[in-house]
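> Quick one: the structure is below, questions incoming.
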Protein chains: 2
Amino acid sequence: MSPRAGIVLDDIIRVAAEIADANGLQEVTMANLAKRLLIKSPSLYNHISGLPELFNRLTLLALENFYAELKQATLGLEKKEAIHALSQSYIEFARNHPGLYELTIEAPNPKQKDIVHMADKIIALITEVLSPFHLAEENLIHAIRGFRSLLHGFAFIDLKGGFGMPVDIDQSFTFLVDAFLRGLKE
Amino acid sequence: MSPRAGIVLDDIIRVAAEIADANGLQEVTMANLAKRLLIKSPSLYNHISGLPELFNRLTLLALENFYAELKQATLGLEKKEAIHALSQSYIEFARNHPGLYELTIEAPNPKQKDIVHMADKIIALITEVLSPFHLAEENLIHAIRGFRSLLHGFAFIDLKGGFGMPVDIDQSFTFLVDAFLRGLKE
DNA sequence: AAGATAAAACTAATATCATTAGTTTTATCT
DNA sequence: AGATAAAACTAATGATATTAGTTTTATCTT
(Lines give C-alpha, C1' and ligand atoms only; values in the text may rest on other atoms or scores of the structure.)
Protein backbone atom coordinates (compact mmCIF):
# COMPACT_ATOMS: atom_id res chain seq x y z
CA MET A 1 0.00 0.00 0.00
CA SER A 2 1.08 3.53 -0.51
CA PRO A 3 2.69 5.55 2.27
CA ARG A 4 -0.57 7.27 3.01
CA ALA A 5 -4.02 6.10 2.01
CA GLY A 6 -6.35 8.61 0.46
CA ILE A 7 -8.50 8.90 -2.61
CA VAL A 8 -7.41 7.38 -5.90
CA LEU A 9 -7.91 8.57 -9.46
CA ASP A 10 -10.87 6.27 -9.97
CA ASP A 11 -12.68 7.87 -7.05
CA ILE A 12 -12.43 11.21 -8.80
CA ILE A 13 -13.65 9.85 -12.11
CA ARG A 14 -16.49 7.95 -10.47
CA VAL A 15 -17.74 10.98 -8.55
CA ALA A 16 -17.31 13.16 -11.65
CA ALA A 17 -19.54 10.76 -13.59
CA GLU A 18 -22.14 10.85 -10.83
CA ILE A 19 -22.18 14.63 -10.79
CA ALA A 20 -22.26 14.82 -14.58
CA ASP A 21 -25.34 12.61 -14.82
CA ALA A 22 -27.13 13.92 -11.73
CA ASN A 23 -26.39 17.63 -11.91
CA GLY A 24 -25.05 18.33 -15.39
CA LEU A 25 -21.60 18.71 -16.88
CA GLN A 26 -21.34 22.31 -15.78
CA GLU A 27 -21.35 21.13 -12.18
CA VAL A 28 -18.30 18.96 -12.72
CA THR A 29 -15.77 21.32 -11.13
CA MET A 30 -12.70 20.83 -9.01
CA ALA A 31 -14.54 22.60 -6.20
CA ASN A 32 -17.54 20.26 -6.32
CA LEU A 33 -15.40 17.15 -6.66
CA ALA A 34 -13.38 18.16 -3.62
CA LYS A 35 -16.54 18.77 -1.59
CA ARG A 36 -17.95 15.36 -2.46
CA LEU A 37 -14.64 13.64 -1.71
CA LEU A 38 -14.21 15.53 1.56
CA ILE A 39 -10.85 17.01 0.66
CA LYS A 40 -9.66 20.45 -0.41
CA SER A 41 -9.54 21.08 -4.12
CA PRO A 42 -5.74 21.47 -4.41
CA SER A 43 -5.42 17.91 -3.11
CA LEU A 44 -7.05 16.69 -6.31
CA TYR A 45 -3.92 17.70 -8.18
CA ASN A 46 -2.04 14.91 -6.44
CA HIS A 47 -4.07 12.57 -8.64
CA ILE A 48 -4.92 14.43 -11.81
CA SER A 49 -3.38 17.27 -13.78
CA GLY A 50 -6.49 19.39 -13.97
CA LEU A 51 -9.93 19.72 -15.52
CA PRO A 52 -8.83 18.95 -19.09
CA GLU A 53 -7.44 15.57 -18.07
CA LEU A 54 -10.53 14.92 -15.98
CA PHE A 55 -12.84 15.53 -18.93
CA ASN A 56 -10.67 13.42 -21.21
CA ARG A 57 -10.86 10.50 -18.82
CA LEU A 58 -14.56 11.02 -18.29
CA THR A 59 -15.14 11.08 -22.04
CA LEU A 60 -13.24 7.83 -22.46
CA LEU A 61 -15.27 6.21 -19.68
CA ALA A 62 -18.48 7.46 -21.28
CA LEU A 63 -17.56 6.09 -24.71
CA GLU A 64 -16.55 2.71 -23.25
CA ASN A 65 -19.81 2.35 -21.34
CA PHE A 66 -21.85 3.60 -24.26
CA TYR A 67 -20.20 1.17 -26.66
CA ALA A 68 -20.62 -1.74 -24.26
CA GLU A 69 -24.33 -1.09 -23.90
CA LEU A 70 -24.91 -0.66 -27.62
CA LYS A 71 -22.95 -3.80 -28.40
CA GLN A 72 -24.77 -5.79 -25.75
CA ALA A 73 -28.13 -4.65 -27.10
CA THR A 74 -27.45 -5.92 -30.61
CA LEU A 75 -25.94 -9.30 -29.63
CA GLY A 76 -27.62 -12.13 -31.49
CA LEU A 77 -29.92 -9.83 -33.41
CA GLU A 78 -30.06 -9.15 -37.10
CA LYS A 79 -31.37 -6.64 -39.57
CA LYS A 80 -34.34 -4.58 -38.47
CA GLU A 81 -34.28 -6.11 -35.01
CA ALA A 82 -30.66 -5.20 -34.48
CA ILE A 83 -31.28 -1.67 -35.65
CA HIS A 84 -34.22 -1.14 -33.36
CA ALA A 85 -32.37 -2.67 -30.42
CA LEU A 86 -29.38 -0.43 -30.99
CA SER A 87 -31.62 2.60 -31.38
CA GLN A 88 -33.50 1.86 -28.19
CA SER A 89 -30.29 1.25 -26.32
CA TYR A 90 -28.91 4.53 -27.66
CA ILE A 91 -31.84 6.56 -26.36
CA GLU A 92 -31.80 4.80 -23.03
CA PHE A 93 -28.13 5.48 -22.47
CA ALA A 94 -28.73 9.15 -23.19
CA ARG A 95 -31.62 9.22 -20.72
CA ASN A 96 -29.80 7.29 -18.00
CA HIS A 97 -26.52 9.12 -18.45
CA PRO A 98 -27.25 12.59 -19.79
CA GLY A 99 -23.91 13.97 -18.66
CA LEU A 100 -21.83 11.12 -20.04
CA TYR A 101 -23.88 11.09 -23.24
CA GLU A 102 -23.09 14.75 -23.86
CA LEU A 103 -19.41 13.92 -23.65
CA THR A 104 -19.74 11.12 -26.21
CA ILE A 105 -21.07 13.45 -28.87
CA GLU A 106 -18.49 16.21 -28.53
CA ALA A 107 -15.90 16.16 -31.29
CA PRO A 108 -13.02 14.12 -29.89
CA ASN A 109 -9.61 15.76 -29.80
CA PRO A 110 -7.73 13.93 -32.59
CA LYS A 111 -4.68 13.72 -30.32
CA GLN A 112 -6.56 11.51 -27.88
CA LYS A 113 -6.05 8.26 -29.72
CA ASP A 114 -7.95 6.18 -27.18
CA ILE A 115 -10.98 8.46 -27.38
CA VAL A 116 -10.93 8.55 -31.17
CA HIS A 117 -10.65 4.78 -31.17
CA MET A 118 -13.72 4.27 -28.99
CA ALA A 119 -15.72 6.80 -31.01
CA ASP A 120 -14.75 4.88 -34.14
CA LYS A 121 -15.90 1.62 -32.61
CA ILE A 122 -19.36 3.08 -32.01
CA ILE A 123 -19.57 4.22 -35.61
CA ALA A 124 -18.39 0.78 -36.72
CA LEU A 125 -21.21 -0.78 -34.72
CA ILE A 126 -23.73 1.47 -36.42
CA THR A 127 -22.18 0.54 -39.74
CA GLU A 128 -22.57 -3.14 -38.92
CA VAL A 129 -26.27 -2.99 -38.18
CA LEU A 130 -26.84 -1.09 -41.42
CA SER A 131 -24.84 -3.55 -43.54
CA PRO A 132 -27.80 -5.90 -44.30
CA PHE A 133 -29.19 -3.13 -46.46
CA HIS A 134 -26.41 -3.75 -48.97
CA LEU A 135 -25.99 -0.13 -49.84
CA ALA A 136 -23.53 0.95 -52.48
CA GLU A 137 -20.43 2.84 -51.32
CA GLU A 138 -21.58 6.42 -51.12
CA ASN A 139 -25.07 5.47 -50.09
CA LEU A 140 -23.71 3.50 -47.16
CA ILE A 141 -21.92 6.60 -45.91
CA HIS A 142 -25.08 8.65 -46.44
CA ALA A 143 -27.09 6.09 -44.49
CA ILE A 144 -24.62 5.97 -41.62
CA ARG A 145 -24.58 9.74 -41.39
CA GLY A 146 -28.35 9.87 -41.54
CA PHE A 147 -28.81 7.24 -38.91
CA ARG A 148 -26.32 8.88 -36.56
CA SER A 149 -28.08 12.19 -37.13
CA LEU A 150 -31.54 10.98 -36.28
CA LEU A 151 -30.32 9.05 -33.26
CA HIS A 152 -28.50 12.02 -31.84
CA GLY A 153 -31.13 14.54 -32.80
CA PHE A 154 -33.90 12.59 -31.16
CA ALA A 155 -31.84 11.82 -28.06
CA PHE A 156 -30.82 15.43 -27.69
CA ILE A 157 -34.25 16.99 -28.07
CA ASP A 158 -35.68 14.34 -25.78
CA LEU A 159 -33.04 15.10 -23.13
CA LYS A 160 -33.76 18.79 -23.28
CA GLY A 161 -37.46 18.12 -22.76
CA GLY A 162 -38.16 19.41 -26.26
CA PHE A 163 -40.95 16.94 -26.98
CA GLY A 164 -43.81 18.55 -25.10
CA MET A 165 -46.90 17.29 -26.87
CA PRO A 166 -48.91 14.60 -25.10
CA VAL A 167 -47.87 11.85 -27.46
CA ASP A 168 -45.78 8.85 -26.45
CA ILE A 169 -42.14 9.66 -27.05
CA ASP A 170 -40.96 6.10 -27.57
CA GLN A 171 -43.60 5.60 -30.23
CA SER A 172 -42.34 8.69 -32.01
CA PHE A 173 -38.85 7.26 -31.90
CA THR A 174 -39.93 3.93 -33.35
CA PHE A 175 -41.86 5.83 -36.02
CA LEU A 176 -38.76 7.79 -36.96
CA VAL A 177 -36.46 4.78 -37.18
CA ASP A 178 -39.04 2.85 -39.16
CA ALA A 179 -39.62 5.71 -41.57
CA PHE A 180 -35.90 6.02 -42.16
CA LEU A 181 -35.53 2.29 -42.76
CA ARG A 182 -38.47 2.24 -45.15
CA GLY A 183 -36.90 5.15 -46.99
CA LEU A 184 -33.58 3.30 -47.18
CA LYS A 185 -35.11 0.34 -48.98
CA GLU A 186 -35.96 2.38 -52.05
CA MET B 1 -29.94 62.27 -26.39
CA SER B 2 -29.04 60.94 -23.01
CA PRO B 3 -26.94 62.92 -20.53
CA ARG B 4 -23.85 61.04 -21.54
CA ALA B 5 -23.36 59.06 -24.71
CA GLY B 6 -21.86 55.60 -24.44
CA ILE B 7 -22.69 52.13 -25.57
CA VAL B 8 -26.29 50.95 -25.76
CA LEU B 9 -27.82 47.55 -25.08
CA ASP B 10 -27.88 46.68 -28.76
CA ASP B 11 -24.14 47.17 -28.98
CA ILE B 12 -23.68 44.53 -26.30
CA ILE B 13 -26.03 42.07 -27.98
CA ARG B 14 -24.48 42.64 -31.39
CA VAL B 15 -20.94 42.06 -30.15
CA ALA B 16 -22.12 39.06 -28.12
CA ALA B 17 -23.58 37.55 -31.29
CA GLU B 18 -20.34 38.18 -33.16
CA ILE B 19 -18.29 36.51 -30.45
CA ALA B 20 -20.74 33.61 -30.18
CA ASP B 21 -20.50 32.81 -33.89
CA ALA B 22 -16.82 33.55 -34.34
CA ASN B 23 -15.33 32.17 -31.14
CA GLY B 24 -18.01 30.03 -29.52
CA LEU B 25 -20.56 30.56 -26.78
CA GLN B 26 -18.04 29.90 -24.04
CA GLU B 27 -16.21 33.05 -25.11
CA VAL B 28 -19.27 35.21 -24.55
CA THR B 29 -18.22 36.62 -21.19
CA MET B 30 -18.59 39.98 -19.54
CA ALA B 31 -14.82 40.29 -19.64
CA ASN B 32 -14.61 39.66 -23.40
CA LEU B 33 -17.56 41.93 -24.16
CA ALA B 34 -15.98 44.74 -22.18
CA LYS B 35 -12.68 44.33 -24.02
CA ARG B 36 -14.38 44.47 -27.41
CA LEU B 37 -16.47 47.50 -26.41
CA LEU B 38 -13.46 49.28 -24.91
CA ILE B 39 -14.99 49.70 -21.49
CA LYS B 40 -14.50 48.03 -18.12
CA SER B 41 -16.74 45.09 -17.40
CA PRO B 42 -18.65 46.67 -14.49
CA SER B 43 -19.83 49.37 -16.91
CA LEU B 44 -21.81 46.72 -18.76
CA TYR B 45 -24.12 46.53 -15.77
CA ASN B 46 -25.40 50.01 -16.58
CA HIS B 47 -27.10 48.38 -19.56
CA ILE B 48 -27.83 44.79 -18.64
CA SER B 49 -28.43 42.91 -15.42
CA GLY B 50 -25.87 40.21 -16.04
CA LEU B 51 -25.01 37.16 -18.09
CA PRO B 52 -28.41 35.46 -17.70
CA GLU B 53 -30.21 38.42 -19.26
CA LEU B 54 -27.56 38.64 -21.95
CA PHE B 55 -28.08 35.01 -22.95
CA ASN B 56 -31.85 35.41 -22.86
CA ARG B 57 -31.66 38.36 -25.24
CA LEU B 58 -29.15 36.58 -27.44
CA THR B 59 -31.38 33.53 -27.60
CA LEU B 60 -34.36 35.63 -28.63
CA LEU B 61 -32.29 37.32 -31.33
CA ALA B 62 -31.11 33.94 -32.55
CA LEU B 63 -34.63 32.53 -32.73
CA GLU B 64 -35.93 35.59 -34.57
CA ASN B 65 -33.18 35.45 -37.16
CA PHE B 66 -33.47 31.70 -37.52
CA TYR B 67 -37.22 31.88 -38.01
CA ALA B 68 -36.91 34.70 -40.53
CA GLU B 69 -34.45 32.73 -42.64
CA LEU B 70 -36.47 29.52 -42.51
CA LYS B 71 -39.65 31.37 -43.42
CA GLN B 72 -37.97 33.21 -46.25
CA ALA B 73 -36.60 29.96 -47.64
CA THR B 74 -40.01 28.33 -47.92
CA LEU B 75 -41.89 31.30 -49.39
CA GLY B 76 -43.82 30.31 -52.49
CA LEU B 77 -42.74 26.70 -52.29
CA GLU B 78 -44.83 23.63 -51.67
CA LYS B 79 -44.54 20.04 -50.60
CA LYS B 80 -41.19 18.39 -51.21
CA GLU B 81 -39.68 21.61 -52.48
CA ALA B 82 -40.67 23.49 -49.37
CA ILE B 83 -39.27 20.76 -47.14
CA HIS B 84 -35.95 20.66 -48.93
CA ALA B 85 -35.70 24.44 -48.93
CA LEU B 86 -36.40 24.62 -45.21
CA SER B 87 -33.94 21.83 -44.53
CA GLN B 88 -31.20 23.48 -46.54
CA SER B 89 -31.87 26.81 -44.87
CA TYR B 90 -31.73 25.10 -41.48
CA ILE B 91 -28.30 23.62 -42.09
CA GLU B 92 -26.99 26.85 -43.53
CA PHE B 93 -28.08 28.88 -40.54
CA ALA B 94 -26.33 26.43 -38.25
CA ARG B 95 -23.15 26.68 -40.32
CA ASN B 96 -23.24 30.45 -40.64
CA HIS B 97 -24.24 31.06 -37.02
CA PRO B 98 -22.93 28.18 -34.93
CA GLY B 99 -23.13 30.14 -31.71
CA LEU B 100 -26.63 31.48 -32.26
CA TYR B 101 -27.78 28.09 -33.53
CA GLU B 102 -26.68 26.43 -30.29
CA LEU B 103 -28.83 28.87 -28.38
CA THR B 104 -31.88 28.08 -30.49
CA ILE B 105 -31.79 24.40 -29.55
CA GLU B 106 -31.42 24.80 -25.82
CA ALA B 107 -34.63 24.17 -23.92
CA PRO B 108 -36.22 27.59 -23.51
CA ASN B 109 -37.02 28.71 -19.99
CA PRO B 110 -40.84 28.48 -19.87
CA LYS B 111 -40.93 31.81 -18.05
CA GLN B 112 -39.47 33.58 -21.07
CA LYS B 113 -42.72 33.93 -22.99
CA ASP B 114 -41.13 35.71 -25.94
CA ILE B 115 -38.52 32.99 -26.34
CA VAL B 116 -41.08 30.21 -26.04
CA HIS B 117 -43.23 32.02 -28.59
CA MET B 118 -40.46 32.22 -31.18
CA ALA B 119 -39.49 28.60 -30.61
CA ASP B 120 -43.13 27.66 -31.17
CA LYS B 121 -43.21 29.62 -34.41
CA ILE B 122 -40.30 27.61 -35.74
CA ILE B 123 -42.05 24.37 -34.88
CA ALA B 124 -45.22 25.69 -36.51
CA LEU B 125 -43.26 26.35 -39.67
CA ILE B 126 -41.96 22.81 -39.67
CA THR B 127 -45.50 21.60 -39.10
CA GLU B 128 -46.69 23.62 -42.10
CA VAL B 129 -44.24 22.14 -44.55
CA LEU B 130 -45.15 18.66 -43.38
CA SER B 131 -48.89 19.23 -43.70
CA PRO B 132 -49.18 18.15 -47.37
CA PHE B 133 -48.48 14.64 -46.19
CA HIS B 134 -51.92 14.55 -44.59
CA LEU B 135 -50.83 12.55 -41.62
CA ALA B 136 -53.29 11.45 -38.98
CA GLU B 137 -53.09 13.10 -35.57
CA GLU B 138 -50.47 11.09 -33.76
CA ASN B 139 -48.51 10.41 -36.89
CA LEU B 140 -48.24 14.11 -37.56
CA ILE B 141 -46.64 14.60 -34.16
CA HIS B 142 -44.33 11.66 -34.79
CA ALA B 143 -43.36 13.12 -38.15
CA ILE B 144 -42.69 16.58 -36.70
CA ARG B 145 -40.56 15.11 -33.95
CA GLY B 146 -38.70 12.95 -36.43
CA PHE B 147 -38.05 15.79 -38.81
CA ARG B 148 -36.83 18.09 -36.02
CA SER B 149 -34.58 15.29 -34.81
CA LEU B 150 -32.91 14.63 -38.09
CA LEU B 151 -32.46 18.30 -38.84
CA HIS B 152 -30.84 18.99 -35.52
CA GLY B 153 -28.86 15.79 -35.43
CA PHE B 154 -27.36 16.39 -38.85
CA ALA B 155 -26.67 20.07 -38.17
CA PHE B 156 -25.03 19.29 -34.85
CA ILE B 157 -22.74 16.52 -36.05
CA ASP B 158 -21.85 18.60 -39.09
CA LEU B 159 -20.97 21.58 -36.88
CA LYS B 160 -18.75 19.48 -34.67
CA GLY B 161 -16.90 18.20 -37.70
CA GLY B 162 -18.26 14.71 -37.07
CA PHE B 163 -18.65 13.81 -40.74
CA GLY B 164 -15.10 12.95 -41.62
CA MET B 165 -15.41 10.57 -44.55
CA PRO B 166 -14.59 11.99 -47.98
CA VAL B 167 -18.19 12.03 -49.14
CA ASP B 168 -20.11 15.19 -49.95
CA ILE B 169 -21.94 16.32 -46.83
CA ASP B 170 -24.76 18.13 -48.60
CA GLN B 171 -25.52 15.03 -50.63
CA SER B 172 -25.73 13.04 -47.40
CA PHE B 173 -28.18 15.59 -46.07
CA THR B 174 -30.39 15.42 -49.14
CA PHE B 175 -30.23 11.63 -48.94
CA LEU B 176 -31.42 11.72 -45.32
CA VAL B 177 -34.30 14.08 -45.94
CA ASP B 178 -35.39 12.14 -49.00
CA ALA B 179 -35.22 8.83 -47.17
CA PHE B 180 -37.35 10.22 -44.36
CA LEU B 181 -39.90 11.61 -46.80
CA ARG B 182 -40.10 8.34 -48.71
CA GLY B 183 -40.61 6.57 -45.42
CA LEU B 184 -43.38 8.99 -44.48
CA LYS B 185 -45.40 8.17 -47.55
CA GLU B 186 -46.01 4.60 -46.51
C1' DA C 1 -23.25 81.08 -19.51
C1' DA C 2 -23.51 78.47 -15.17
C1' DG C 3 -25.26 75.16 -12.60
C1' DA C 4 -28.32 70.96 -12.05
C1' DT C 5 -29.37 66.44 -13.73
C1' DA C 6 -28.87 61.88 -15.16
C1' DA C 7 -26.71 58.37 -17.05
C1' DA C 8 -22.59 56.96 -18.56
C1' DA C 9 -18.09 55.67 -17.19
C1' DC C 10 -14.92 54.51 -13.51
C1' DT C 11 -12.36 52.23 -9.14
C1' DA C 12 -12.51 49.20 -5.35
C1' DA C 13 -14.10 45.27 -3.24
C1' DT C 14 -16.19 40.43 -2.64
C1' DA C 15 -16.87 35.80 -3.89
C1' DT C 16 -16.02 31.73 -6.68
C1' DC C 17 -13.22 29.30 -9.73
C1' DA C 18 -8.70 26.67 -11.30
C1' DT C 19 -4.21 26.19 -10.48
C1' DT C 20 0.69 26.38 -8.44
C1' DA C 21 4.06 26.34 -4.70
C1' DG C 22 5.42 25.01 -0.58
C1' DT C 23 4.44 22.75 4.03
C1' DT C 24 2.64 19.27 7.06
C1' DT C 25 0.85 14.76 8.05
C1' DT C 26 0.95 9.92 8.24
C1' DA C 27 1.00 5.08 6.74
C1' DT C 28 4.37 1.87 5.58
C1' DC C 29 9.16 0.09 5.12
C1' DT C 30 13.78 -0.50 6.73
C1' DA D 1 12.60 4.41 15.83
C1' DG D 2 13.53 6.79 12.04
C1' DA D 3 13.35 7.40 6.88
C1' DT D 4 10.41 7.62 2.93
C1' DA D 5 6.84 8.83 -0.04
C1' DA D 6 2.65 10.18 -1.11
C1' DA D 7 -1.23 11.92 0.68
C1' DA D 8 -3.25 15.83 2.74
C1' DC D 9 -2.96 20.70 3.82
C1' DT D 10 -2.44 26.24 3.69
C1' DA D 11 -1.33 30.24 1.15
C1' DA D 12 -1.14 32.70 -2.91
C1' DT D 13 -2.16 34.12 -7.92
C1' DG D 14 -5.00 35.22 -11.58
C1' DA D 15 -9.46 34.92 -14.03
C1' DT D 16 -14.28 35.44 -13.63
C1' DA D 17 -19.00 37.72 -12.37
C1' DT D 18 -21.01 40.89 -9.67
C1' DT D 19 -22.04 44.86 -6.28
C1' DA D 20 -21.28 49.35 -4.18
C1' DG D 21 -19.91 53.65 -4.41
C1' DT D 22 -17.46 57.56 -6.97
C1' DT D 23 -16.36 60.41 -10.88
C1' DT D 24 -17.19 62.19 -15.41
C1' DT D 25 -19.70 64.49 -18.85
C1' DA D 26 -23.33 65.49 -22.23
C1' DT D 27 -27.59 67.75 -22.12
C1' DC D 28 -31.23 70.61 -20.00
C1' DT D 29 -32.79 74.47 -17.25
C1' DT D 30 -32.54 78.89 -15.63
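Each chain in the C-alpha coordinates gets a letter, A, B and so on, in the order shown; residues start at 1 in every chain, and ligands are counted from 1 in the order they appear.
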Do you know which residues are at most 9 Å from segment 25-29 of chain C counting only C-alpha atoms (C1' of nucleotides), after dropping those on the same chain fewer than 6 positions away, and could you put them as a PyMOL selection string?
(chain A and resi 1-5) or (chain D and resi 3-4+7-9)
> Check which residues of chain B sit at most 12 Å from chain C using only C-alpha atoms (C1' of nucleotides), and return one row each with the closest pair of atoms and their distance in Å to one decimal, ordered by chain and rising number, as a tab-separated table.

```
residue	atom	partner	partner_atom	distance
B:Met1	CA	C:DA7	C1'	10.6
B:Ser2	CA	C:DA7	C1'	6.9
B:Pro3	CA	C:DA7	C1'	5.7
B:Arg4	CA	C:DA8	C1'	5.2
B:Ala5	CA	C:DA8	C1'	6.5
B:Gly6	CA	C:DA8	C1'	6.1
B:Ile7	CA	C:DA8	C1'	8.5
B:Val8	CA	C:DA8	C1'	10.1
B:Leu38	CA	C:DA9	C1'	11.0
B:Ile39	CA	C:DA9	C1'	8.0
B:Lys40	CA	C:DC10	C1'	8.0
B:Ser41	CA	C:DC10	C1'	10.3
B:Pro42	CA	C:DC10	C1'	8.7
B:Ser43	CA	C:DA9	C1'	6.5
B:Leu44	CA	C:DA9	C1'	9.8
B:Tyr45	CA	C:DA8	C1'	10.9
B:Asn46	CA	C:DA8	C1'	7.8
B:His47	CA	C:DA8	C1'	9.7
```
> Restricted to N, CA and C atoms, what would the selected residues look like written as an mmCIF file, in the first residue's frame?

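See again.cif below for the written result:
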```
data_model
loop_
_atom_site.group_PDB
_atom_site.id
_atom_site.type_symbol
_atom_site.label_atom_id
_atom_site.label_comp_id
_atom_site.auth_asym_id
_atom_site.auth_seq_id
_atom_site.Cartn_x
_atom_site.Cartn_y
_atom_site.Cartn_z
ATOM 1 N N MET B 1 -30.980 63.265 -26.710
ATOM 2 C CA MET B 1 -29.943 62.271 -26.391
ATOM 3 C C MET B 1 -29.760 62.205 -24.882
ATOM 4 N N SER B 2 -29.196 61.135 -24.462
ATOM 5 C CA SER B 2 -29.037 60.942 -23.013
ATOM 6 C C SER B 2 -27.921 61.853 -22.471
ATOM 7 N N PRO B 3 -27.920 62.034 -21.172
ATOM 8 C CA PRO B 3 -26.942 62.917 -20.531
ATOM 9 C C PRO B 3 -25.502 62.620 -20.912
ATOM 10 N N ARG B 4 -25.233 61.353 -21.159
ATOM 11 C CA ARG B 4 -23.854 61.041 -21.543
ATOM 12 C C ARG B 4 -23.862 59.880 -22.523
ATOM 13 N N ALA B 5 -23.323 60.105 -23.691
ATOM 14 C CA ALA B 5 -23.363 59.060 -24.713
ATOM 15 C C ALA B 5 -22.361 57.965 -24.393
ATOM 16 N N GLY B 6 -22.765 56.738 -24.628
ATOM 17 C CA GLY B 6 -21.862 55.604 -24.445
ATOM 18 C C GLY B 6 -22.400 54.466 -25.259
ATOM 19 N N ILE B 7 -22.138 53.248 -24.839
ATOM 20 C CA ILE B 7 -22.691 52.125 -25.571
ATOM 21 C C ILE B 7 -24.165 51.978 -25.221
ATOM 22 N N VAL B 8 -24.893 51.259 -26.062
ATOM 23 C CA VAL B 8 -26.292 50.946 -25.755
ATOM 24 C C VAL B 8 -26.442 49.424 -25.740
ATOM 25 N N LEU B 38 -14.405 48.294 -25.443
ATOM 26 C CA LEU B 38 -13.459 49.279 -24.914
ATOM 27 C C LEU B 38 -13.957 49.968 -23.649
ATOM 28 N N ILE B 39 -14.602 49.194 -22.809
ATOM 29 C CA ILE B 39 -14.992 49.704 -21.495
ATOM 30 C C ILE B 39 -14.600 48.659 -20.449
ATOM 31 N N LYS B 40 -14.769 49.004 -19.184
ATOM 32 C CA LYS B 40 -14.496 48.028 -18.124
ATOM 33 C C LYS B 40 -15.762 47.212 -17.880
ATOM 34 N N SER B 41 -15.577 45.967 -17.468
ATOM 35 C CA SER B 41 -16.744 45.092 -17.399
ATOM 36 C C SER B 41 -17.850 45.573 -16.449
ATOM 37 N N PRO B 42 -17.522 46.209 -15.322
ATOM 38 C CA PRO B 42 -18.651 46.673 -14.485
ATOM 39 C C PRO B 42 -19.556 47.678 -15.205
ATOM 40 N N SER B 43 -19.009 48.387 -16.191
ATOM 41 C CA SER B 43 -19.830 49.369 -16.907
ATOM 42 C C SER B 43 -20.954 48.697 -17.689
ATOM 43 N N LEU B 44 -20.761 47.433 -18.022
ATOM 44 C CA LEU B 44 -21.810 46.715 -18.761
ATOM 45 C C LEU B 44 -23.102 46.657 -17.950
ATOM 46 N N TYR B 45 -22.937 46.668 -16.636
ATOM 47 C CA TYR B 45 -24.122 46.527 -15.768
ATOM 48 C C TYR B 45 -24.990 47.778 -15.758
ATOM 49 N N ASN B 46 -24.520 48.856 -16.380
ATOM 50 C CA ASN B 46 -25.402 50.013 -16.585
ATOM 51 C C ASN B 46 -26.453 49.723 -17.648
ATOM 52 N N HIS B 47 -26.227 48.650 -18.419
ATOM 53 C CA HIS B 47 -27.099 48.381 -19.559
ATOM 54 C C HIS B 47 -27.815 47.039 -19.490
#
```
> Excluding same-chain residues fewer than 3 positions from Leu58 of chain B, what lies within 7 Å of it counting only C-alpha atoms (C1' of nucleotides), as a list in words?
Ile13, Ala17, Leu54, Phe55, Leu61 and Ala62 of chain B
